[in-house]
Amino acid sequence: MSEGSDHASVRPSPEVVKEGGRRAPAKSSRKGDPAFHFTDEMRRLSTPWGVALARAGQIDPKSLGPGVIADGAVGSGIQLIAYSKVLKRPALGVEIDGNIAVLCAANMFVAAESDDVQRSMDRVVIGDGSDAEGVMTEYWSSLREAGTRAHPPVAMLHLDPARPTDAQNHHIDEMDPPLGPLLASWKNYLEPGTNGPSILLDLSPRLDDDQRSMVDATIETSFPGIRRTWEWLSQGGGRVDRLSVWSGSLSSKSPRRCVRMGTKKIMASIEGKPSIAVSSDLSEPPPFGSWMTILDPVLLESGLQDDWIEAALGDRGGRTWLRTSGRRPILIHTEPIQGDDEVMGFVVATGQVVQHRLSPPELHSIDLTAAALARNDIGSITLRCSLDPELHPTLQRRLHKAMRDIEGSRSFMADVQLVRGDSGHTVYVICKEP
């Protein structure tokens, strides 16, 4: 720690790795991933390694200005390590918790390649991430003490602030460190790239339109006129997993982007301008022969559903949104979907309507349900409808067992709300997959 400073540096080293091992032994979260040092809480909050690498791969190294990659609330360091590894830049993490800072420094060292000389400039600074002056003074002092005379600026700033984990809705004032003071503090240490400073903010997926507007205003206050691209990312679990805003030289020419992430790589990505999707009520069940498609919710959350429809259907046939919110947005259309990976990556399921049911499957009538499906040359079915969460897996398992010897097409069951006057009810629609 420098004299008069409230910050201290941890340099990644074999000794730090040994200390990290005593505090939290290194383990791989997934087969093939590096073994990192996590507490249980750190593991729960950390970005999966495959996602971290894929996100780093979205950045053009040539767009960045000179300097290091900094993370103002680094935690376990997984995302910062991925940036550093892919972009070939030194890493500077800031962490207010000394124990976590040691584990982060250990992770930096175990992930580094032994012949990468720039790793000698990696540091984790213990202290307040919103005090950029204190952080950079401590960082440069630590480099001098290690024999490095350079005073590198910050080429890119990443922030994934802490926030409540049990709230259904989030407010930007709940972020720690707070967004406004942090951006104002780092402003003078950011070296501009081809399109201005490079800033990536990871935010709560639960921020609503008003909260996102407040984030835009906060960024604009510190960086007037800076270009921004909002990104919604899904890992396929029926929800938005990550919401982020890519600013300055990290942004694209489009204001919004949605991404469907696989285990280790990006499956599909769409950029464009948002539009509003309006759902229609049905008074009768979807007609036989029509097509129903369940889509990843990031398309609707990002407002980029029209760009997807244009690529998937063009001007072929009619189409109507039956549901535009929740885990299973549904589009009904008269022609089958056609498209490349960028189209199909956002499709959860698509199929042609072949059967209607007035009630969902029940445990006492599984064999009757299986026989009815077999009459439509269906050999398997996936329940993609709202059911009792405790009963859902049992019903799915029983149906799979009952149909394992039946040959036929794959299918799915979706629930559709019918509206007739002031009343309505649910119909369960069976769709045969192509």
# chains A, B, ... in the order shown; residues from 1 in each chain; ligands from 1
call {"tool": "residues_around", "arguments": {"residues": "stretch 410-415 of chain A", "least_positions_apart": "3", "cutoff": "10 Å", "atoms": "only C-alpha atoms", "output": "number ranges by chain"}}
result
A: 292-294, 328, 330, 349-361, 373, 377-387, 407, 418, 426-434
call {"tool": "closest_atom_pairs", "arguments": {"of": "stretch 113-179 of chain A", "to": "stretch 53-74 of chain A", "cutoff": "7 Å", "atoms": "only C-alpha atoms", "output": "tab-separated table"}}
result
residue	atom	partner	partner_atom	distance
A:Gly129	CA	A:Gly72	CA	4.7
A:Pro152	CA	A:Gly67	CA	5.1
A:Pro153	CA	A:Gly67	CA	4.7
A:Val154	CA	A:Gly67	CA	4.8
A:Ala155	CA	A:Gly67	CA	4.5
A:Met156	CA	A:Ile69	CA	5.0
A:Leu157	CA	A:Ala70	CA	4.9
A:His158	CA	A:Asp71	CA	4.7
A:Leu159	CA	A:Gly72	CA	5.4
A:Asp160	CA	A:Ala73	CA	6.2
A:Pro161	CA	A:Ala73	CA	6.1
call {"tool": "write_last_selection", "arguments": {"atoms": "C-alpha atoms", "output": "PDB file, in the first residue's frame"}}
result
ATOM      1  CA  GLY A 129     -13.784   1.136  -7.355  1.00  0.00           C
ATOM      2  CA  PRO A 152      -0.584   2.867 -18.701  1.00  0.00           C
ATOM      3  CA  PRO A 153      -4.038   4.447 -19.073  1.00  0.00           C
ATOM      4  CA  VAL A 154      -7.281   2.454 -19.208  1.00  0.00           C
ATOM      5  CA  ALA A 155      -8.228   1.168 -22.663  1.00  0.00           C
ATOM      6  CA  MET A 156     -11.549  -0.312 -21.529  1.00  0.00           C
ATOM      7  CA  LEU A 157     -13.638  -0.130 -18.376  1.00  0.00           C
ATOM      8  CA  HIS A 158     -15.973  -2.953 -17.362  1.00  0.00           C
ATOM      9  CA  LEU A 159     -18.419  -2.783 -14.479  1.00  0.00           C
ATOM     10  CA  ASP A 160     -20.753  -5.444 -13.118  1.00  0.00           C
ATOM     11  CA  PRO A 161     -22.002  -3.852  -9.887  1.00  0.00           C
TER      12      PRO A 161
END
call {"tool": "closest_residue", "arguments": {"among": "A:Trp291, A:Ala402, A:Pro274, A:His333", "to": "A:Ile366", "atoms": "only C-alpha atoms"}}
result
A:Ala402
call {"tool": "residues_around", "arguments": {"residues": "stretch 173-182 of chain A", "least_positions_apart": "6", "cutoff": "12 Å", "atoms": "only C-alpha atoms", "output": "PyMOL selection string"}}
result
chain A and resi 71-74+94-96+127-133+135+157-165+167+188-189+199-204+207+211+214-223
call {"tool": "atom_distance", "arguments": {"atom1": "atom CA of A:Ala374", "atom2": "atom CA of A:Arg398"}}
result
15.1 Å
call {"tool": "residues_around", "arguments": {"residues": "A:Pro205", "least_positions_apart": "2", "cutoff": "10 Å", "atoms": "only C-alpha atoms", "output": "PyMOL selection string"}}
result
chain A and resi 169-170+202-203+207-208+232-233+239-244+301
call {"tool": "residues_around", "arguments": {"residues": "A:Glu342", "least_positions_apart": "4", "cutoff": "12 Å", "atoms": "only C-alpha atoms", "output": "PyMOL selection string"}}
result
chain A and resi 258-261+266-271+299+307-312+338+346-347
call {"tool": "atom_distance", "arguments": {"atom1": "atom CA of A:Ser76", "atom2": "atom CA of A:Val117"}}
result
22.3 Å
call {"tool": "residues_around", "arguments": {"residues": "A:Lys27", "least_positions_apart": "2", "cutoff": "12 Å", "atoms": "only C-alpha atoms", "output": "ChimeraX atom specification"}}
result
/A:20-21,24-25,29-40,43,107,110
call {"tool": "write_last_selection", "arguments": {"atoms": "C-alpha atoms", "output": "PDB file, in the first residue's frame"}}
result
ATOM      1  CA  GLY A  20      -5.972 -18.813  -2.584  1.00  0.00           C
ATOM      2  CA  GLY A  21      -5.896 -22.605  -2.388  1.00  0.00           C
ATOM      3  CA  ALA A  24     -10.931 -21.824  -1.501  1.00  0.00           C
ATOM      4  CA  PRO A  25      -9.504 -24.784  -3.460  1.00  0.00           C
ATOM      5  CA  SER A  29     -17.437 -25.228 -12.850  1.00  0.00           C
ATOM      6  CA  ARG A  30     -17.852 -27.171 -16.074  1.00  0.00           C
ATOM      7  CA  LYS A  31     -15.894 -29.935 -17.796  1.00  0.00           C
ATOM      8  CA  GLY A  32     -13.145 -28.394 -19.910  1.00  0.00           C
ATOM      9  CA  ASP A  33     -13.146 -25.060 -18.053  1.00  0.00           C
ATOM     10  CA  PRO A  34     -10.103 -23.856 -16.106  1.00  0.00           C
ATOM     11  CA  ALA A  35     -10.079 -24.551 -12.371  1.00  0.00           C
ATOM     12  CA  PHE A  36     -10.735 -21.277 -10.539  1.00  0.00           C
ATOM     13  CA  HIS A  37     -10.796 -20.299  -6.871  1.00  0.00           C
ATOM     14  CA  PHE A  38     -14.356 -19.528  -5.759  1.00  0.00           C
ATOM     15  CA  THR A  39     -16.286 -19.269  -2.567  1.00  0.00           C
ATOM     16  CA  ASP A  40     -19.833 -20.596  -2.994  1.00  0.00           C
ATOM     17  CA  ARG A  43     -19.290 -19.171  -7.959  1.00  0.00           C
ATOM     18  CA  ASN A 107      -7.432 -16.843 -10.704  1.00  0.00           C
ATOM     19  CA  VAL A 110      -3.680 -19.810 -12.917  1.00  0.00           C
TER      20      VAL A 110
END
call {"tool": "select_by_dssp", "arguments": {"residues": "stretch 99-265 of chain A", "states": "helix (DSSP H, G or I)", "output": "number ranges by chain"}}
result
A: 99-111, 117-121, 132-145, 172-174, 179-189, 209-222
call {"tool": "select_by_dssp", "arguments": {"residues": "stretch 179-239 of chain A", "states": "strand (DSSP E)", "output": "list of chain:residue names"}}
result
A:Ser198, A:Ile199, A:Leu200, A:Leu201, A:Asp202, A:Leu203, A:Arg228, A:Thr229, A:Trp230, A:Glu231, A:Trp232, A:Leu233, A:Ser234
call {"tool": "atom_distance", "arguments": {"atom1": "atom CA of A:Gly196", "atom2": "atom CA of A:Thr229"}}
result
13.5 Å
call {"tool": "closest_residue", "arguments": {"among": "A:Glu191, A:Thr369, A:His171, A:Thr320", "to": "A:Arg206", "atoms": "only C-alpha atoms"}}
result
A:His171
call {"tool": "closest_residue", "arguments": {"among": "A:Ala146, A:Val51, A:Ala106, A:Ala111", "to": "A:Gln235", "atoms": "only C-alpha atoms"}}
result
A:Val51
call {"tool": "closest_residue", "arguments": {"among": "A:Ser114, A:Asp281, A:Pro224, A:Pro197", "to": "A:Ser249", "atoms": "only C-alpha atoms"}}
result
A:Pro197
call {"tool": "closest_residue", "arguments": {"among": "A:Ala52, A:Val10, A:Ala101, A:Leu45", "to": "A:Arg23", "atoms": "only C-alpha atoms"}}
result
A:Ala101
